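What follows is the content of input-v1.csv, which has CSV, C-alpha atoms:
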chain,number,residue,atom,x,y,z
L,1,MET,CA,-9.5,141.5,145.6
L,2,LYS,CA,-5.8,140.4,145.7
L,3,ARG,CA,-6.9,137.4,147.8
L,4,LEU,CA,-9.5,136.4,145.1
L,5,ILE,CA,-6.9,136.8,142.4
L,6,LEU,CA,-4.5,134.5,144.3
L,7,LEU,CA,-7.2,131.9,144.9
L,8,LEU,CA,-8.1,131.9,141.2
L,9,THR,CA,-4.4,131.6,140.2
L,10,PHE,CA,-3.9,128.7,142.6
L,11,ALA,CA,-7.0,126.9,141.3
L,12,LEU,CA,-5.9,127.4,137.7
L,13,LEU,CA,-2.4,125.9,138.5
L,14,LEU,CA,-4.0,123.0,140.4
L,15,PHE,CA,-6.3,122.1,137.5
L,16,SER,CA,-3.6,122.5,134.9
L,17,ALA,CA,-1.3,120.2,136.9
L,18,ALA,CA,-4.0,117.5,137.5
L,19,PRO,CA,-3.8,115.8,134.1
L,20,ALA,CA,0.0,115.5,134.4
L,21,ASP,CA,-0.3,113.9,137.9
L,22,ALA,CA,-3.0,111.5,136.7
L,23,GLN,CA,-1.1,110.4,133.6
L,24,SER,CA,0.2,106.9,133.9
L,25,PRO,CA,3.9,106.3,133.4
L,26,VAL,CA,5.0,104.9,130.0
L,27,VAL,CA,8.1,103.1,129.0
L,28,ARG,CA,9.2,103.7,125.4
L,29,ALA,CA,11.9,101.7,123.5
L,30,VAL,CA,13.3,101.4,120.0
L,31,LEU,CA,14.0,98.1,118.3
L,32,PHE,CA,16.2,98.1,115.2
L,33,TYR,CA,15.6,95.0,113.1
L,34,SER,CA,15.9,93.6,109.6
L,35,PRO,CA,13.2,91.5,107.9
L,36,PHE,CA,15.9,89.1,106.8
L,37,CYS,CA,17.2,88.4,110.4
L,38,SER,CA,15.9,85.2,112.0
L,39,HIS,CA,16.9,86.5,115.5
L,40,CYS,CA,14.8,89.6,114.8
L,41,HIS,CA,11.9,87.4,113.9
L,42,LYS,CA,12.2,85.6,117.3
L,43,VAL,CA,12.3,88.8,119.3
L,44,ILE,CA,9.3,90.4,117.4
L,45,ASN,CA,7.2,87.3,117.2
L,46,GLU,CA,7.9,85.6,120.6
L,47,ASP,CA,9.3,88.1,123.1
L,48,ILE,CA,7.6,91.5,122.5
L,49,PRO,CA,3.9,90.3,122.3
L,50,PRO,CA,3.8,88.9,125.9
L,51,LEU,CA,5.3,92.1,127.2
L,52,SER,CA,2.6,94.2,125.5
L,53,GLN,CA,-0.1,91.8,126.8
L,54,GLN,CA,1.3,92.1,130.3
L,55,TYR,CA,1.5,95.9,130.6
L,56,ASN,CA,-0.9,97.3,128.1
L,57,GLN,CA,-4.7,97.6,128.3
L,58,GLU,CA,-5.0,99.4,125.0
L,59,VAL,CA,-2.8,99.3,121.9
L,60,VAL,CA,-2.7,101.5,118.8
L,61,TRP,CA,-0.5,100.7,115.8
L,62,THR,CA,1.1,103.7,114.0
L,63,HIS,CA,3.6,104.0,111.2
L,64,VAL,CA,5.7,106.2,109.0
L,65,ALA,CA,5.5,105.0,105.4
L,66,GLU,CA,8.0,105.5,102.5
L,67,ALA,CA,7.2,107.9,99.8
L,68,PRO,CA,5.0,106.4,97.0
L,69,GLY,CA,7.2,105.1,94.2
L,70,GLU,CA,10.3,105.0,96.4
L,71,GLU,CA,9.5,101.9,98.4
L,72,THR,CA,12.5,99.8,99.3
L,73,SER,CA,10.6,97.3,101.6
L,74,GLU,CA,7.2,95.9,102.0
L,75,ILE,CA,7.3,96.8,105.7
L,76,PRO,CA,7.3,100.6,106.5
L,77,PRO,CA,10.5,102.1,107.9
L,78,LEU,CA,8.8,102.8,111.2
L,79,VAL,CA,6.0,100.9,112.9
L,80,ALA,CA,5.1,101.7,116.5
L,81,LEU,CA,3.2,99.7,119.1
L,82,GLU,CA,1.7,102.5,121.2
L,83,GLY,CA,0.2,101.1,124.4
L,84,ASP,CA,-0.9,102.9,127.5
L,85,ALA,CA,2.0,101.7,129.5
L,86,PHE,CA,4.5,100.1,127.1
L,87,GLN,CA,5.5,101.5,123.7
L,88,ILE,CA,8.0,100.2,121.2
L,89,LEU,CA,9.1,101.6,117.8
L,90,PHE,CA,10.2,99.0,115.3
L,91,VAL,CA,12.8,100.5,112.9
L,92,ASN,CA,13.3,98.6,109.6
L,93,THR,CA,17.0,99.0,108.9
L,94,VAL,CA,16.8,97.9,105.3
L,95,THR,CA,15.0,101.1,104.4
L,96,PRO,CA,16.9,104.4,104.0
L,97,LEU,CA,15.2,106.1,106.9
L,98,GLY,CA,15.7,103.0,109.2
L,99,SER,CA,19.4,102.7,108.2
L,100,GLU,CA,20.0,106.4,108.9
L,101,LEU,CA,18.4,106.2,112.4
L,102,PHE,CA,20.4,103.0,113.1
L,103,ALA,CA,23.6,104.8,112.2
L,104,ASN,CA,22.7,107.7,114.4
L,105,ALA,CA,22.0,105.4,117.3
L,106,ILE,CA,25.3,103.6,116.9
L,107,GLU,CA,27.1,106.9,117.0
L,108,THR,CA,25.1,108.4,119.8
L,109,TYR,CA,25.4,105.4,122.1
L,110,ALA,CA,29.0,104.5,121.0
L,111,ILE,CA,28.0,100.9,120.3
L,112,PRO,CA,31.2,99.0,119.6
L,113,ASP,CA,31.7,96.8,116.5
L,114,PRO,CA,30.4,94.4,115.5
L,115,VAL,CA,26.9,95.9,115.6
L,116,GLY,CA,24.1,93.7,114.4
L,117,VAL,CA,20.3,93.4,114.7
L,118,PRO,CA,18.2,93.0,116.7
L,119,THR,CA,19.4,96.0,118.7
L,120,LEU,CA,17.1,97.4,121.4
L,121,ILE,CA,17.6,100.9,122.9
L,122,VAL,CA,15.6,102.0,126.0
L,123,GLY,CA,16.6,105.0,128.0
L,124,ASP,CA,20.4,105.1,128.1
L,125,GLN,CA,20.8,101.3,127.7
L,126,TYR,CA,21.2,99.1,124.6
L,127,MET,CA,20.9,95.4,124.2
L,128,ILE,CA,21.9,93.3,121.1
L,129,GLY,CA,20.7,89.8,120.2
L,130,SER,CA,17.8,87.5,120.7
L,131,ALA,CA,19.3,86.3,124.0
L,132,ASP,CA,20.1,89.5,125.8
L,133,ILE,CA,16.9,91.4,124.9
L,134,PRO,CA,14.4,88.9,126.4
L,135,ALA,CA,16.7,88.4,129.4
L,136,GLN,CA,17.1,92.1,130.3
L,137,PHE,CA,14.1,94.0,128.8
L,138,PRO,CA,11.3,92.8,131.1
L,139,ALA,CA,13.1,94.0,134.2
L,140,ILE,CA,13.9,97.3,132.6
L,141,ILE,CA,10.2,97.8,131.8
L,142,SER,CA,9.2,97.0,135.3
L,143,ASP,CA,11.8,99.3,136.9
L,144,GLY,CA,11.0,102.0,134.4
L,145,LEU,CA,7.2,102.0,135.2
L,146,ALA,CA,8.0,102.0,138.9
L,147,GLY,CA,10.3,105.0,138.4
L,148,GLY,CA,7.8,107.1,136.5
L,149,GLY,CA,8.4,106.0,132.9
L,150,ILE,CA,11.1,106.1,130.3
L,151,ASP,CA,10.9,108.5,127.3
L,152,TRP,CA,12.0,107.8,123.7
L,153,PRO,CA,15.8,107.4,123.4
L,154,ASP,CA,17.7,110.6,122.5
L,155,ILE,CA,18.6,109.5,118.9
L,156,PRO,CA,19.1,112.3,116.3
L,157,GLY,CA,16.2,112.4,114.0
L,158,LEU,CA,14.0,110.1,116.1
L,159,ALA,CA,11.8,112.8,117.7
L,160,GLU,CA,11.0,114.3,114.3
L,161,ASN,CA,9.9,111.0,112.8
L,162,VAL,CA,7.9,110.0,115.9
L,163,ALA,CA,5.9,113.2,115.5
L,164,LEU,CA,5.0,111.9,112.0
L,165,LEU,CA,3.5,108.6,113.2
L,166,THR,CA,0.0,108.0,111.9
L,167,PRO,CA,-2.5,105.3,112.6
L,168,LEU,CA,-2.0,102.1,110.6
L,169,GLU,CA,-5.4,101.2,109.2
L,170,GLU,CA,-6.3,98.2,107.1
L,171,GLN,CA,-6.7,99.0,103.4
L,172,PRO,CA,-10.3,98.9,102.2
L,173,VAL,CA,-11.1,96.4,99.5
L,174,GLU,CA,-11.0,98.1,96.1
L,175,GLY,CA,-14.1,98.0,93.8
L,176,PRO,CA,-17.8,98.1,94.6
L,177,GLU,CA,-19.3,95.4,96.7
L,178,PRO,CA,-21.4,93.0,94.7
L,179,GLU,CA,-25.1,93.6,94.9
L,180,THR,CA,-27.1,90.8,96.5
L,181,ALA,CA,-30.9,90.4,96.5
L,182,ALA,CA,-32.6,91.0,99.8
L,183,PRO,CA,-33.4,87.6,101.5
L,184,ASP,CA,-37.0,86.5,101.8
L,185,PRO,CA,-38.2,86.7,105.5
L,186,GLN,CA,-40.0,83.4,105.1
L,187,ASP,CA,-36.8,81.7,103.9
L,188,LEU,CA,-34.8,83.2,106.8
L,189,ALA,CA,-37.4,81.9,109.3
L,190,GLU,CA,-37.2,78.4,107.8
L,191,GLU,CA,-33.4,78.5,107.8
L,192,ASN,CA,-33.3,79.5,111.5
L,193,LEU,CA,-35.6,76.6,112.4
L,194,ALA,CA,-33.6,74.1,110.5
L,195,ALA,CA,-30.1,75.1,111.8
L,196,PRO,CA,-29.4,75.7,115.5
L,197,ALA,CA,-28.2,79.2,116.4
L,198,GLU,CA,-24.4,79.4,116.8
L,199,PRO,CA,-23.3,80.3,120.3
L,200,THR,CA,-21.9,83.7,120.8
L,201,ARG,CA,-18.1,83.7,121.0
L,202,THR,CA,-16.7,84.8,124.3
L,203,ASP,CA,-13.1,83.8,123.8
L,204,ASP,CA,-12.0,86.5,121.4
L,205,PRO,CA,-8.5,87.7,122.3
L,206,PRO,CA,-8.1,91.2,123.7
L,207,ALA,CA,-6.8,94.0,121.6
L,208,THR,CA,-3.3,93.6,123.1
L,209,ASP,CA,-3.1,90.1,121.6
L,210,ASN,CA,-2.9,91.7,118.2
L,211,PRO,CA,0.6,90.7,116.9
L,212,GLY,CA,0.8,93.8,114.7
L,213,PRO,CA,1.7,94.5,111.1
L,214,ILE,CA,5.3,93.1,111.1
L,215,GLN,CA,4.8,89.5,111.9
L,216,PHE,CA,6.9,87.2,109.8
L,217,ASP,CA,5.9,84.0,108.0
L,218,ARG,CA,8.8,82.1,106.4
L,219,ASP,CA,6.4,80.5,104.0
L,220,GLU,CA,5.7,83.9,102.4
L,221,LEU,CA,9.4,84.8,101.9
L,222,SER,CA,11.1,84.5,98.6
L,223,VAL,CA,14.1,82.2,98.1
L,224,ARG,CA,16.4,85.2,98.2
L,225,GLU,CA,14.8,86.4,101.4
L,226,ARG,CA,15.2,83.0,103.1
L,227,VAL,CA,18.9,82.8,102.2
L,228,LEU,CA,19.3,86.3,103.7
L,229,LEU,CA,17.8,85.2,107.0
L,230,ASP,CA,21.1,83.5,107.8
L,231,PRO,CA,23.5,84.8,105.1
L,232,VAL,CA,26.8,83.4,106.4
L,233,GLY,CA,25.5,80.0,107.3
L,234,ASN,CA,23.2,79.7,104.2
L,235,VAL,CA,26.0,80.7,101.8
L,236,LEU,CA,28.3,78.2,103.4
L,237,SER,CA,25.6,75.5,103.1
L,238,ILE,CA,25.2,76.4,99.4
L,239,PHE,CA,29.0,75.9,98.8
L,240,ILE,CA,28.9,72.6,100.6
L,241,LEU,CA,25.8,71.5,98.6
L,242,ILE,CA,27.7,72.3,95.4
L,243,GLY,CA,30.7,70.3,96.6
L,244,MET,CA,28.6,67.3,97.6
L,245,ALA,CA,26.9,67.3,94.2
L,246,LEU,CA,30.3,67.5,92.4
L,247,SER,CA,31.6,64.7,94.7
L,248,VAL,CA,28.7,62.4,93.7
L,249,ILE,CA,29.4,63.1,90.0
L,250,GLY,CA,33.1,62.4,90.6
L,251,VAL,CA,32.3,59.1,92.4
L,252,ALA,CA,30.1,58.0,89.5
L,253,ALA,CA,32.8,58.9,87.0
L,254,ARG,CA,35.4,57.0,89.1
L,255,TRP,CA,33.2,53.9,89.1
L,256,ARG,CA,32.7,53.9,85.4
L,257,SER,CA,36.2,54.9,84.3
L,258,SER,CA,37.9,52.2,86.2
L,259,ALA,CA,35.3,49.5,85.7
L,260,GLY,CA,37.9,47.2,84.0
L,261,GLN,CA,40.5,47.3,86.8
L,262,ILE,CA,40.4,45.3,89.9
L,263,THR,CA,42.5,46.8,92.7
L,264,GLU,CA,43.0,44.9,96.0
L,265,THR,CA,41.9,47.6,98.5
L,266,GLY,CA,40.2,47.5,101.8
L,267,LEU,CA,38.3,50.0,103.9
L,268,SER,CA,40.7,52.4,105.5
L,269,TRP,CA,41.1,53.3,109.2
L,270,TYR,CA,40.2,56.9,108.2
L,271,SER,CA,36.7,55.6,107.4
L,272,LEU,CA,36.4,54.2,110.9
L,273,ALA,CA,37.5,57.5,112.5
L,274,LEU,CA,35.0,59.4,110.4
L,275,ILE,CA,32.2,57.0,111.4
L,276,LEU,CA,33.0,57.6,115.1
L,277,VAL,CA,32.9,61.4,114.6
L,278,GLY,CA,29.7,61.1,112.6
L,279,MET,CA,28.1,58.9,115.4
L,280,GLY,CA,28.9,61.6,117.9
L,281,VAL,CA,27.3,64.3,115.8
L,282,ALA,CA,24.2,62.2,115.2
L,283,ALA,CA,24.0,61.3,118.9
L,284,TYR,CA,24.0,64.9,119.9
L,285,LEU,CA,21.4,65.8,117.3
L,286,SER,CA,19.2,62.9,118.5
L,287,PHE,CA,19.4,64.2,122.0
L,288,VAL,CA,18.4,67.7,120.9
L,289,GLU,CA,15.5,66.5,118.7
L,290,THR,CA,14.1,64.1,121.3
L,291,SER,CA,14.6,66.2,124.4
L,292,GLY,CA,13.5,69.5,122.9
L,293,THR,CA,16.6,71.3,124.3
L,294,ASP,CA,18.4,74.1,122.5
L,295,ALA,CA,21.4,73.1,120.5
L,296,ILE,CA,24.8,74.7,120.9
L,297,CYS,CA,25.0,76.5,117.5
L,298,GLY,CA,28.2,78.5,117.6
L,299,PRO,CA,28.8,81.8,115.8
L,300,VAL,CA,27.7,80.6,112.4
L,301,GLY,CA,24.3,79.2,111.5
L,302,ASP,CA,21.0,78.9,113.3
L,303,CYS,CA,20.7,75.2,114.1
L,304,ASN,CA,17.8,75.6,116.5
L,305,THR,CA,15.6,77.0,113.8
L,306,VAL,CA,16.5,73.9,111.7
L,307,GLN,CA,15.9,71.5,114.6
L,308,GLN,CA,12.5,73.1,115.4
L,309,SER,CA,11.3,72.9,111.8
L,310,GLU,CA,9.1,70.2,110.3
L,311,TYR,CA,12.0,68.8,108.4
L,312,ALA,CA,13.7,67.7,111.6
L,313,LEU,CA,11.4,64.6,111.5
L,314,LEU,CA,11.2,62.1,108.7
L,315,PHE,CA,7.5,61.5,107.8
L,316,GLY,CA,6.7,63.6,110.9
L,317,VAL,CA,7.8,60.8,113.2
L,318,ILE,CA,11.5,59.8,113.0
L,319,PRO,CA,14.0,62.4,114.2
L,320,ILE,CA,16.7,62.9,111.5
L,321,GLY,CA,19.4,62.6,114.1
L,322,VAL,CA,18.2,59.2,115.2
L,323,LEU,CA,18.0,58.1,111.5
L,324,GLY,CA,21.6,59.3,111.1
L,325,LEU,CA,22.7,57.4,114.2
L,326,PHE,CA,21.3,54.1,112.8
L,327,GLY,CA,23.0,54.9,109.5
L,328,TYR,CA,26.4,55.3,111.1
L,329,ALA,CA,25.9,52.2,113.1
L,330,GLY,CA,25.2,50.3,109.9
L,331,LEU,CA,28.4,51.7,108.4
L,332,MET,CA,30.4,50.6,111.4
L,333,ILE,CA,29.0,47.0,111.2
L,334,ALA,CA,29.8,46.9,107.5
L,335,TRP,CA,33.3,48.2,108.2
L,336,PHE,CA,34.0,45.4,110.7
L,337,ILE,CA,32.5,42.7,108.5
L,338,ALA,CA,34.7,43.9,105.6
L,339,GLY,CA,37.8,43.0,107.6
L,340,VAL,CA,36.9,39.3,108.1
L,341,GLN,CA,38.8,36.5,106.2
L,342,ALA,CA,35.8,35.2,104.3
L,343,ARG,CA,36.2,36.7,100.9
L,344,THR,CA,32.6,36.7,99.8
L,345,GLN,CA,31.3,38.3,103.0
L,346,SER,CA,34.1,40.9,102.9
L,347,ASN,CA,33.2,41.9,99.4
L,348,LEU,CA,29.5,42.1,100.2
L,349,ALA,CA,30.3,44.2,103.2
L,350,LYS,CA,32.4,46.6,101.2
L,351,LEU,CA,29.7,47.0,98.6
L,352,ALA,CA,27.1,47.5,101.3
L,353,PHE,CA,29.3,50.1,103.0
L,354,PHE,CA,29.5,52.1,99.8
L,355,LEU,CA,25.8,51.9,99.1
L,356,PHE,CA,25.0,53.0,102.7
L,357,ALA,CA,27.4,55.9,102.4
L,358,LEU,CA,26.1,56.9,99.0
L,359,ALA,CA,22.5,56.8,100.2
L,360,GLY,CA,23.4,58.9,103.2
L,361,THR,CA,25.2,61.4,100.9
L,362,LEU,CA,22.2,61.7,98.6
L,363,PHE,CA,19.8,62.2,101.6
L,364,SER,CA,22.3,64.8,103.0
L,365,ILE,CA,22.2,66.6,99.7
L,366,TYR,CA,18.4,66.8,100.1
L,367,LEU,CA,18.6,68.0,103.7
L,368,THR,CA,21.3,70.6,102.9
L,369,PHE,CA,19.2,71.9,100.0
L,370,LEU,CA,16.3,72.5,102.4
L,371,GLU,CA,18.3,74.6,104.9
L,372,PRO,CA,19.1,77.7,102.8
L,373,PHE,CA,16.3,77.5,100.2
L,374,VAL,CA,13.3,76.3,102.3
L,375,ILE,CA,14.0,76.7,106.0
L,376,GLY,CA,16.1,79.8,105.7
L,377,ALA,CA,18.6,78.6,108.3
L,378,THR,CA,21.7,76.4,108.5
L,379,CYS,CA,22.6,73.8,111.1
L,380,MET,CA,26.4,73.4,111.4
L,381,TRP,CA,26.0,70.0,113.0
L,382,CYS,CA,24.0,68.9,110.0
L,383,LEU,CA,26.6,70.2,107.6
L,384,SER,CA,29.3,68.4,109.5
L,385,SER,CA,27.4,65.1,109.1
L,386,ALA,CA,26.8,65.8,105.4
L,387,VAL,CA,30.6,66.4,104.9
L,388,ILE,CA,31.5,63.2,106.8
L,389,MET,CA,29.0,61.1,104.8
L,390,THR,CA,30.3,62.5,101.5
L,391,ALA,CA,33.9,61.7,102.6
L,392,LEU,CA,32.9,58.1,103.5
L,393,THR,CA,31.4,57.7,100.0
L,394,ILE,CA,34.6,58.9,98.4
L,395,LEU,CA,36.9,56.7,100.5
L,396,SER,CA,34.8,53.6,99.9
L,397,VAL,CA,34.3,53.8,96.1
L,398,ASP,CA,37.5,52.0,95.2
L,399,PRO,CA,37.1,49.1,97.7
L,400,ALA,CA,33.4,48.8,96.6
L,401,ARG,CA,34.3,48.8,92.9
L,402,ALA,CA,37.0,46.1,93.4
L,403,ALA,CA,34.6,44.0,95.5
L,404,PHE,CA,31.8,44.4,92.9
L,405,LEU,CA,34.1,43.3,90.0
L,406,GLU,CA,35.4,40.3,92.0
L,407,LEU,CA,31.9,39.2,92.9
L,408,GLN,CA,31.0,39.4,89.2
L,409,ALA,CA,34.0,37.4,88.2
L,410,SER,CA,33.2,34.7,90.8
L,411,LYS,CA,29.8,34.2,89.2
L,412,SER,CA,31.1,33.8,85.7

Show me this structure written as structure tokens.
Amino acid sequence: MKRLILLLTFALLLFSAAPADAQSPVVRAVLFYSPFCSHCHKVINEDIPPLSQQYNQEVVWTHVAEAPGEETSEIPPLVALEGDAFQILFVNTVTPLGSELFANAIETYAIPDPVGVPTLIVGDQYMIGSADIPAQFPAIISDGLAGGGIDWPDIPGLAENVALLTPLEEQPVEGPEPETAAPDPQDLAEENLAAPAEPTRTDDPPATDNPGPIQFDRDELSVRERVLLDPVGNVLSIFILIGMALSVIGVAARWRSSAGQITETGLSWYSLALILVGMGVAAYLSFVETSGTDAICGPVGDCNTVQQSEYALLFGVIPIGVLGLFGYAGLMIAWFIAGVQARTQSNLAKLAFFLFALAGTLFSIYLTFLEPFVIGATCMWCLSSAVIMTALTILSVDPARAAFLELQASKS
């Protein structure tokens, strides 16, 4: 009897342990992001989907929504991609819940300042930025699966909210469906004979290709949201845009207020130095745009987003950097011609220099306007060229005005 009881107990333990042994390892991670962060867009749109497609056979999207009437974001505070091997929880830090969890994570993991998003936490490791996350995360997933899986990070408040995750389903269309009359069988037969049957699609993407509910489309963002995608760079570009507009107004006032005075001035050597710097900037942008390589952006701005936008090409064909290179070359030619002894040629060159610089400034104003308000990112190289072109316009207004009045006087 005792032997039978022992056998039954052993069998019970064996069967109860079988599901745990058969369960596949899972790696779970948490990504803190902001809807207004362009680097977050890159990680969510470009880096996470391939990892899900590589490791997951099945995917379920779940979420924790904000209370009705208290919504602070169109995107829920928590959205989870729950796959059979790889799972990631997206935490929207612009919501109160997401901000609270982010603060808890910073304190728990002693993340040093400055702390920004995207921040990814998996196991006892954290990664910050759109460069470190795709560089380190794939190897962590692979090692984690080989080592038996990685559970959710130990962040205060996280486990309680993960338990509240519910499936994210598409909202049904409100209102009754319009009633339609039943088709006549004879009409259907005639229609089938008239039109060949469409082939059955066999190239539908698998479920793991589903990008999920937090994909970002810049075209759907408001102007404020686009500015907030790159707040420091875009605010700087707005200030420069205002300065350029005021400079053009000042140049016009300078031309009109001194229209009766002829001053013997030539194009300064400062103008030549600015042209050489501008040519260097334009040459680098031309290389980036024509070769497709990433630009060196520095700590402010997001120049690669600008260079990869449709506005980096004029009429969809001419790279803006190449156009600027030709513009600076024309300014250099005009500068050298303005220094020759022939009076008429020199005056025409001074006037042409001013008109080239003014046209370049106006075009730069247009491009600078696009960066914060349309593209949602700022290119510091582009801003540098815009400032240089504006300075050339200011430096050349007096010589051009004097040359214009002298040409008028010679005709009378």

At a cut-off of 8 Å, using only C-alpha atoms, what residues contact segment 245-258 of chain L? Leave out same-chain residues fewer than 6 positions from it and give the result as a list in words.
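Within the cut-off, the hits are Ile365, Thr390, Thr393, Ile394, Val397, Asp398 and Arg401 of chain L.
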
How would the residues just picked look written out with C-alpha atoms as a PDB file, in the frame of the given file?
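Writing done, so here's out31.pdb:
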ATOM      1  CA  ILE L 365      22.200  66.600  99.700  1.00  0.00           C
ATOM      2  CA  THR L 390      30.300  62.500 101.500  1.00  0.00           C
ATOM      3  CA  THR L 393      31.400  57.700 100.000  1.00  0.00           C
ATOM      4  CA  ILE L 394      34.600  58.900  98.400  1.00  0.00           C
ATOM      5  CA  VAL L 397      34.300  53.800  96.100  1.00  0.00           C
ATOM      6  CA  ASP L 398      37.500  52.000  95.200  1.00  0.00           C
ATOM      7  CA  ARG L 401      34.300  48.800  92.900  1.00  0.00           C
TER       8      ARG L 401
END

As an exercise, work out the distance from atom CA of Ile318 of chain L to atom CA of Glu289 of chain L in Å and give it to one decimal place.
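Straight-line distance from atom CA of Ile318 of chain L to atom CA of Glu289 of chain L works out to 9.7 Å.
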
Residue neighbourhood segment 54-64 of chain L, 6 Å, only C-alpha atoms, exclusion window fewer than 5 positions, as a list in words
Leu78, Val79, Ala80, Leu81, Glu82, Gly83, Asp84, Ala85, Leu165, Thr166, Pro167, Leu168 and Thr208 of chain L

Near Ser222 of chain L, within 10 Å and counting only C-alpha atoms, which residues show up once chain neighbours fewer than 5 positions away are dropped, as a VMD selection string?
chain L and resid 227 to 228 373 to 374 376

Straight-line distance linking atom CA of Val300 of chain L with atom CA of Gly278 of chain L, stated in Å to one decimal
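That distance, rounded to one decimal, is 19.6 Å.
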
Applying 12 Å and only C-alpha atoms, which residues near Pro112 of chain L remain after dropping the ones on its own chain fewer than 5 positions away? List them as a PyMOL selection string.
chain L and resi 105-107+126-128

For Cys37 of chain L, the closest of L:Ile238, L:Val117, L:Ala163, L:Cys297 counting all atoms listed in the file is L:Val117
